[in-house]
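**Student:** Just target29.pdb, nothing more (PDB, C-alpha atoms):
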ATOM      1  CA  MET A1331     108.741  83.096  74.148
ATOM      2  CA  CYS A1332     109.301  82.851  77.882
ATOM      3  CA  GLY A1333     108.463  79.555  79.520
ATOM      4  CA  ARG A1334     110.722  79.196  82.562
ATOM      5  CA  VAL A1335     112.172  81.684  85.069
ATOM      6  CA  ASN A1336     114.442  81.930  88.103
ATOM      7  CA  VAL A1337     113.104  83.891  91.087
ATOM      8  CA  SER A1338     115.629  83.125  93.829
ATOM      9  CA  SER A1339     115.098  85.794  96.463
ATOM     10  CA  GLY A1340     118.629  87.249  96.801
ATOM     11  CA  PRO A1341     118.774  89.420  93.651
ATOM     12  CA  LEU A1342     115.098  90.380  94.012
ATOM     13  CA  THR A1343     115.242  91.672  97.581
ATOM     14  CA  LEU A1344     116.460  95.172  96.698
ATOM     15  CA  LEU A1345     114.115  95.385  93.710
ATOM     16  CA  PHE A1346     111.101  94.601  95.901
ATOM     17  CA  MET A1347     112.220  96.926  98.688
ATOM     18  CA  ASP A1348     112.640  99.696  96.131
ATOM     19  CA  MET A1349     109.278  99.183  94.442
ATOM     20  CA  VAL A1350     106.915  97.988  97.188
ATOM     21  CA  GLY A1351     108.859  98.493 100.423
ATOM     22  CA  GLN A1352     108.849  94.850 101.455
ATOM     23  CA  PRO A1353     111.097  91.782 101.072
ATOM     24  CA  TYR A1354     110.581  89.456  98.145
ATOM     25  CA  PRO A1355     107.844  86.941  99.103
ATOM     26  CA  ARG A1356     109.180  83.462  98.490
ATOM     27  CA  ILE A1357     106.880  81.040  96.746
ATOM     28  CA  SER A1358     106.458  77.410  97.677
ATOM     29  CA  ARG A1359     106.362  74.122  95.882
ATOM     30  CA  ASP A1360     105.017  70.992  97.566
ATOM     31  CA  THR A1361     108.381  69.265  97.314
ATOM     32  CA  ALA A1362     110.355  72.347  98.416
ATOM     33  CA  PRO A1363     108.290  74.691 100.583
ATOM     34  CA  ASP A1364     109.567  78.176 101.447
ATOM     35  CA  THR A1365     112.778  77.857  99.460
ATOM     36  CA  ASP A1366     114.276  79.798  96.597
ATOM     37  CA  ARG A1367     112.897  78.820  93.206
ATOM     38  CA  TYR A1368     115.298  78.463  90.300
ATOM     39  CA  ASN A1369     112.999  76.776  87.795
ATOM     40  CA  VAL A1370     109.447  78.138  87.845
ATOM     41  CA  ALA A1371     107.187  76.925  85.022
ATOM     42  CA  PRO A1372     103.796  78.054  83.675
ATOM     43  CA  THR A1373     100.722  77.275  85.842
ATOM     44  CA  GLU A1374     102.798  77.880  88.994
ATOM     45  CA  PRO A1375     102.326  80.959  91.198
ATOM     46  CA  LEU A1376     104.607  83.999  91.105
ATOM     47  CA  PRO A1377     104.605  87.338  92.959
ATOM     48  CA  VAL A1378     103.530  89.980  90.432
ATOM     49  CA  LEU A1379     103.541  93.785  90.702
ATOM     50  CA  ARG A1380     100.546  95.920  89.741
ATOM     51  CA  MET A1381      99.049  99.307  90.546
ATOM     52  CA  GLY A1382      96.806  99.318  93.601
ATOM     53  CA  GLY A1383      94.853 102.016  95.361
ATOM     54  CA  SER A1384      97.929 103.510  97.048
ATOM     55  CA  GLY A1385     100.596 102.690  94.476
ATOM     56  CA  VAL A1386     102.511  99.604  93.450
ATOM     57  CA  GLU A1387     101.492  96.423  95.246
ATOM     58  CA  SER A1388     102.532  92.782  95.118
ATOM     59  CA  ALA A1389     100.033  89.990  94.485
ATOM     60  CA  PRO A1390     100.503  86.226  93.996
ATOM     61  CA  MET A1391      99.198  85.123  90.608
ATOM     62  CA  ARG A1392      99.019  81.957  88.540
ATOM     63  CA  TRP A1393     101.310  82.032  85.517
ATOM     64  CA  TRP A1394      98.784  81.165  82.794
ATOM     65  CA  LEU A1395      96.186  83.781  82.105
ATOM     66  CA  THR A1396      92.569  82.737  82.500
ATOM     67  CA  PRO A1397      90.220  85.428  81.075
ATOM     68  CA  TYR A1398      87.447  86.594  83.404
ATOM     69  CA  TRP A1399      84.872  85.303  80.917
ATOM     70  CA  SER A1400      86.310  81.779  80.664
ATOM     71  CA  LYS A1401      83.952  78.973  81.673
ATOM     72  CA  GLU A1402      86.741  76.999  83.366
ATOM     73  CA  LEU A1403      90.417  76.884  84.238
ATOM     74  CA  SER A1404      92.136  75.283  81.283
ATOM     75  CA  THR A1405      95.526  74.875  79.632
ATOM     76  CA  LYS A1406      93.973  74.027  76.281
ATOM     77  CA  TYR A1407      95.388  77.214  74.783
ATOM     78  CA  SER A1408      98.897  78.563  75.398
ATOM     79  CA  MET A1409      98.092  81.575  77.563
ATOM     80  CA  PHE A1410     101.316  81.851  79.566
ATOM     81  CA  ASN A1411     102.713  84.226  76.923
ATOM     82  CA  ALA A1412     100.908  87.044  75.109
ATOM     83  CA  LYS A1413     102.305  88.164  71.758
ATOM     84  CA  SER A1414     102.702  91.937  71.625
ATOM     85  CA  GLU A1415     101.436  91.905  68.049
ATOM     86  CA  THR A1416      97.997  90.608  69.119
ATOM     87  CA  LEU A1417      97.478  92.417  72.424
ATOM     88  CA  GLU A1418      94.780  94.678  71.018
ATOM     89  CA  THR A1419      93.070  92.164  68.743
ATOM     90  CA  SER A1420      92.923  89.080  70.979
ATOM     91  CA  ARG A1421      89.677  88.624  72.900
ATOM     92  CA  ALA A1422      91.667  87.277  75.857
ATOM     93  CA  PHE A1423      94.353  89.973  75.902
ATOM     94  CA  SER A1424      92.768  93.236  74.720
ATOM     95  CA  GLU A1425      91.016  94.246  77.939
ATOM     96  CA  PRO A1426      93.922  93.239  80.243
ATOM     97  CA  PHE A1427      96.302  95.228  78.011
ATOM     98  CA  ALA A1428      94.024  98.256  78.250
ATOM     99  CA  ARG A1429      93.284  98.050  81.988
ATOM    100  CA  ARG A1430      95.363  95.430  83.800
ATOM    101  CA  ARG A1431      99.049  95.634  82.962
ATOM    102  CA  CYS A1432     101.509  94.192  85.466
ATOM    103  CA  ALA A1433     105.244  93.685  85.894
ATOM    104  CA  VAL A1434     106.774  90.301  86.680
ATOM    105  CA  PRO A1435     109.969  90.479  88.802
ATOM    106  CA  ILE A1436     112.507  87.762  87.944
ATOM    107  CA  CYS A1437     116.233  87.118  88.341
ATOM    108  CA  GLY A1438     116.441  85.808  84.797
ATOM    109  CA  TYR A1439     114.740  83.541  82.302
ATOM    110  CA  TYR A1440     115.611  80.381  80.385
ATOM    111  CA  GLU A1441     115.393  79.961  76.653
ATOM    112  CA  TRP A1442     116.182  76.998  74.445
ATOM    113  CA  THR A1443     117.887  76.860  71.081
ATOM    114  CA  LYS A1444     117.642  73.887  68.737
ATOM    115  CA  ASP A1445     120.681  71.854  67.806
ATOM    116  CA  GLY A1446     119.400  69.109  65.538
ATOM    117  CA  ASP A1447     117.057  67.036  67.678
ATOM    118  CA  ARG A1448     118.388  68.552  70.897
ATOM    119  CA  LYS A1449     117.122  71.599  72.793
ATOM    120  CA  LEU A1450     119.984  73.397  74.518
ATOM    121  CA  PRO A1451     119.148  75.819  77.349
ATOM    122  CA  TYR A1452     120.530  79.268  78.067
ATOM    123  CA  TYR A1453     120.000  81.333  81.196
ATOM    124  CA  ILE A1454     119.558  85.053  80.409
ATOM    125  CA  ARG A1455     119.926  87.591  83.208
ATOM    126  CA  PRO A1456     121.065  91.192  83.795
ATOM    127  CA  GLN A1457     124.851  91.471  84.000
ATOM    128  CA  ALA A1458     124.436  93.304  87.312
ATOM    129  CA  ASP A1459     122.520  90.278  88.665
ATOM    130  CA  GLU A1460     119.993  92.542  90.373
ATOM    131  CA  GLY A1461     116.792  91.252  88.844
ATOM    132  CA  MET A1462     114.629  92.571  86.045
ATOM    133  CA  LEU A1463     110.978  93.173  85.261
ATOM    134  CA  LEU A1464     108.981  91.566  82.476
ATOM    135  CA  GLY A1465     105.926  93.257  81.011
ATOM    136  CA  GLY A1466     102.765  91.310  81.723
ATOM    137  CA  ILE A1467      98.967  91.452  81.682
ATOM    138  CA  TRP A1468      96.627  89.965  84.267
ATOM    139  CA  ASP A1469      92.996  89.044  84.813
ATOM    140  CA  ARG A1470      90.688  87.882  87.592
ATOM    141  CA  TRP A1471      88.556  84.753  87.133
ATOM    142  CA  ARG A1472      85.690  83.864  89.462
ATOM    143  CA  ASN A1473      83.675  80.698  89.850
ATOM    144  CA  GLY A1474      81.308  80.834  92.815
ATOM    145  CA  ASP A1475      83.452  81.448  95.903
ATOM    146  CA  GLU A1476      86.675  80.699  94.016
ATOM    147  CA  THR A1477      88.764  83.615  92.713
ATOM    148  CA  ILE A1478      91.984  83.173  90.767
ATOM    149  CA  GLU A1479      94.212  85.972  89.519
ATOM    150  CA  SER A1480      96.509  85.000  86.674
ATOM    151  CA  PHE A1481      98.893  86.594  84.208
ATOM    152  CA  SER A1482     100.708  86.238  80.900
ATOM    153  CA  VAL A1483     104.214  87.458  80.064
ATOM    154  CA  VAL A1484     104.198  89.732  77.011
ATOM    155  CA  THR A1485     106.646  88.681  74.286
ATOM    156  CA  THR A1486     108.066  90.550  71.308
ATOM    157  CA  ALA A1487     110.066  89.773  68.210
ATOM    158  CA  VAL A1488     113.663  89.132  69.219
ATOM    159  CA  HIS A1489     116.436  91.710  69.104
ATOM    160  CA  ASP A1490     119.183  90.862  66.599
ATOM    161  CA  ARG A1491     121.718  90.252  69.368
ATOM    162  CA  LEU A1492     119.535  87.590  71.013
ATOM    163  CA  ALA A1493     118.373  85.947  67.806
ATOM    164  CA  PHE A1494     120.969  83.160  68.080
ATOM    165  CA  VAL A1495     118.929  81.760  70.985
ATOM    166  CA  HIS A1496     115.295  82.115  69.873
ATOM    167  CA  SER A1497     112.976  84.062  67.573
ATOM    168  CA  ARG A1498     111.028  85.637  70.476
ATOM    169  CA  GLN A1499     111.922  87.344  73.732
ATOM    170  CA  PRO A1500     109.998  88.622  76.759
ATOM    171  CA  ALA A1501     109.339  92.358  77.034
ATOM    172  CA  MET A1502     112.173  93.319  79.405
ATOM    173  CA  LEU A1503     111.737  96.497  81.454
ATOM    174  CA  THR A1504     113.885  98.641  83.707
ATOM    175  CA  ARG A1505     112.326  99.710  87.007
ATOM    176  CA  ALA A1506     111.344 103.109  85.601
ATOM    177  CA  GLU A1507     109.849 101.447  82.530
ATOM    178  CA  GLY A1508     107.994  98.998  84.772
ATOM    179  CA  LEU A1509     106.304 101.894  86.553
ATOM    180  CA  ARG A1510     105.361 103.418  83.227
ATOM    181  CA  TRP A1511     104.033 100.082  81.948
ATOM    182  CA  MET A1512     101.813  99.627  85.015
ATOM    183  CA  SER A1513     100.506 103.208  85.050
ATOM    184  CA  ARG A1514      96.772 103.447  84.422
ATOM    185  CA  ASP A1515      97.354 106.711  82.552
ATOM    186  CA  ALA A1516      99.965 105.352  80.150
ATOM    187  CA  ASP A1517      99.414 105.892  76.452
ATOM    188  CA  ARG A1518      99.120 102.421  74.951
ATOM    189  CA  GLU A1519     100.440 103.491  71.570
ATOM    190  CA  GLY A1520     103.511 104.864  73.302
ATOM    191  CA  LEU A1521     103.959 101.620  75.228
ATOM    192  CA  ARG A1522     103.744  99.589  72.045
ATOM    193  CA  ALA A1523     106.130 101.820  70.119
ATOM    194  CA  GLU A1524     108.750 102.231  72.816
ATOM    195  CA  LEU A1525     108.583  99.218  75.158
ATOM    196  CA  LEU A1526     107.235  96.424  72.932
ATOM    197  CA  ARG A1527     109.765  96.574  70.125
ATOM    198  CA  PRO A1528     112.825  94.299  69.898
ATOM    199  CA  ARG A1529     115.359  95.808  72.302
ATOM    200  CA  VAL A1530     117.909  95.148  75.035
ATOM    201  CA  PRO A1531     117.200  97.715  77.796
ATOM    202  CA  MET A1532     119.971  96.535  80.130
ATOM    203  CA  PRO A1533     123.312  94.710  79.774
ATOM    204  CA  LEU A1534     122.617  90.968  79.673
ATOM    205  CA  SER A1535     124.571  87.782  80.348
ATOM    206  CA  VAL A1536     123.575  84.808  78.201
ATOM    207  CA  ILE A1537     124.813  81.696  79.981
ATOM    208  CA  PRO A1538     124.786  78.158  78.566
ATOM    209  CA  VAL A1539     123.470  75.809  81.253
ATOM    210  CA  SER A1540     122.929  72.066  81.437
ATOM    211  CA  THR A1541     119.831  70.199  80.308
ATOM    212  CA  TYR A1542     119.154  69.589  83.994
ATOM    213  CA  VAL A1543     116.876  72.628  83.793
ATOM    214  CA  ASN A1544     114.821  71.049  80.986
ATOM    215  CA  ASN A1545     112.819  69.127  83.590
ATOM    216  CA  SER A1546     110.682  71.686  85.404
ATOM    217  CA  ARG A1547     110.704  69.521  88.536
ATOM    218  CA  ASN A1548     114.449  70.026  88.940
ATOM    219  CA  GLU A1549     115.434  72.833  91.287
ATOM    220  CA  GLY A1550     118.418  74.479  92.973
ATOM    221  CA  THR A1551     121.530  76.366  91.917
ATOM    222  CA  ARG A1552     122.493  73.600  89.492
ATOM    223  CA  CYS A1553     119.870  75.109  87.141
ATOM    224  CA  ILE A1554     121.969  78.251  86.608
ATOM    225  CA  GLU A1555     125.501  76.811  86.721
ATOM    226  CA  PRO A1556     127.439  77.674  83.519
ATOM    227  CA  ILE A1557     128.659  74.830  81.331
ATOM    228  CA  GLY A1558     130.321  77.061  78.742
ATOM    229  CA  ARG A1559     131.402  80.598  77.942
ATOM    230  CA  THR A1560     129.047  83.378  78.968
ATOM    231  CA  ILE A1561     128.064  85.771  76.165
ATOM    232  CA  GLU A1562     127.829  89.409  77.273
ATOM    233  CA  ILE A1563     125.343  91.686  75.484
ATOM    234  CA  ASP A1564     125.506  95.429  76.007
ATOM    235  CA  VAL A1565     122.564  97.816  75.995
ATOM    236  CA  GLU A1566     121.326  98.543  72.500
ATOM    237  CA  ALA A1567     117.997 100.162  71.742
TER
END
Before we go any further, please render this structure as structure tokens.
**Tutor:**
Amino acid sequence: MCGRVNVSSGPLTLLFMDMVGQPYPRISRDTAPDTDRYNVAPTEPLPVLRMGGSGVESAPMRWWLTPYWSKELSTKYSMFNAKSETLETSRAFSEPFARRRCAVPICGYYEWTKDGDRKLPYYIRPQADEGMLLGGIWDRWRNGDETIESFSVVTTAVHDRLAFVHSRQPAMLTRAEGLRWMSRDADREGLRAELLRPRVPMPLSVIPVSTYVNNSRNEGTRCIEPIGRTIEIDVEA
């Protein structure tokens, strides 16, 4: 699964300039407006990339997909992740997978492993610390004059080398793969076979961090400070 991410602007600046020709748009929280965000949780907004009329564009979206046909905004069902195995069979996910694929730029994501009754967090990021893209799907919900665009992060079974952390992982994409994922002409069977299988498409650092990050209201660089030895994972298809 993927339920918390870091989107501090530094590592994402070059990625955004490369893909959309503009700086990374910082997102705000009421308690910390216009600052870097180290601990973004589902239902919060994130800048997401998608194909527009003239190429890749950035759009702010709510991280918790609400299908266009939903009667109301709700968190009754866990819609912040979309399992790759059910993308084509789920009523909520099938049309977005076919027509509205997006890429979610992040610096890294957090995942928790169980140790008895405790949940111990790890921060997982590219070794080059230059940001990554996660495969996503999005939808547009309307209610009268209100319009909300929202997304889910696509998850896959975990690669063997990340299995010590969790049984699932987000669909991680390189920049070239992100463009392919977002393309309206992409062959969905090819996407499933090549991009939605358990894999490590870039060298990763898996960093044990403190339980400070467990509370989604906590922010700042303390969220990503190592408290133990970093585990380096090389690229392996």
**Student:** Residues of region 1404-1477 of chain A that have any atom at most 8 Å from an atom of region 1342-1355 of chain A: could you tabulate them with the shortest-distance atom pair and the distance in Å to one decimal, using all atoms listed in the file, ordered by chain and increasing number, as a Markdown table?
**Tutor:**
| residue | atom | partner | partner_atom | distance |
| --- | --- | --- | --- | --- |
| A:Pro1435 | CA | A:Leu1342 | CA | 7.3 |
| A:Ile1436 | CA | A:Leu1342 | CA | 7.1 |
| A:Cys1437 | CA | A:Leu1342 | CA | 6.6 |
| A:Glu1460 | CA | A:Leu1342 | CA | 6.5 |
| A:Gly1461 | CA | A:Leu1342 | CA | 5.5 |
**Student:** Using all atoms listed in the file for the distances, tell me which of A:Val1495, A:Met1502, A:Trp1399, A:Glu1555 is nearest to Leu1450 (chain A).
**Tutor:**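 Going through A:Val1495, A:Met1502, A:Trp1399, A:Glu1555 one by one, the smallest distance to Leu1450 (chain A) is for A:Val1495.
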**Student:** Suppose a student applies the PyMOL selection byres ((chain A and resi 1527) around 10) to this structure; what residues should they get, written as number ranges by chain?
**Tutor:** A: 1414-1415, 1485-1489, 1501, 1521-1526, 1528-1530, 1567
**Student:** Determine the nearest neighbour of Gly1438 (chain A) from the options A:Arg1505, A:Glu1425, A:Arg1510, A:Ser1535, counting only C-alpha atoms.
**Tutor:**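 Between A:Arg1505, A:Glu1425, A:Arg1510, A:Ser1535, the residue approaching Gly1438 (chain A) most closely is A:Ser1535.
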**Student:** Report as a ChimeraX atom specification the residues that result from applying the PyMOL selection byres ((chain A and resi 1449) around 12) to the structure here.
**Tutor:** /A:1440-1448,1450-1452,1495-1496,1538-1545
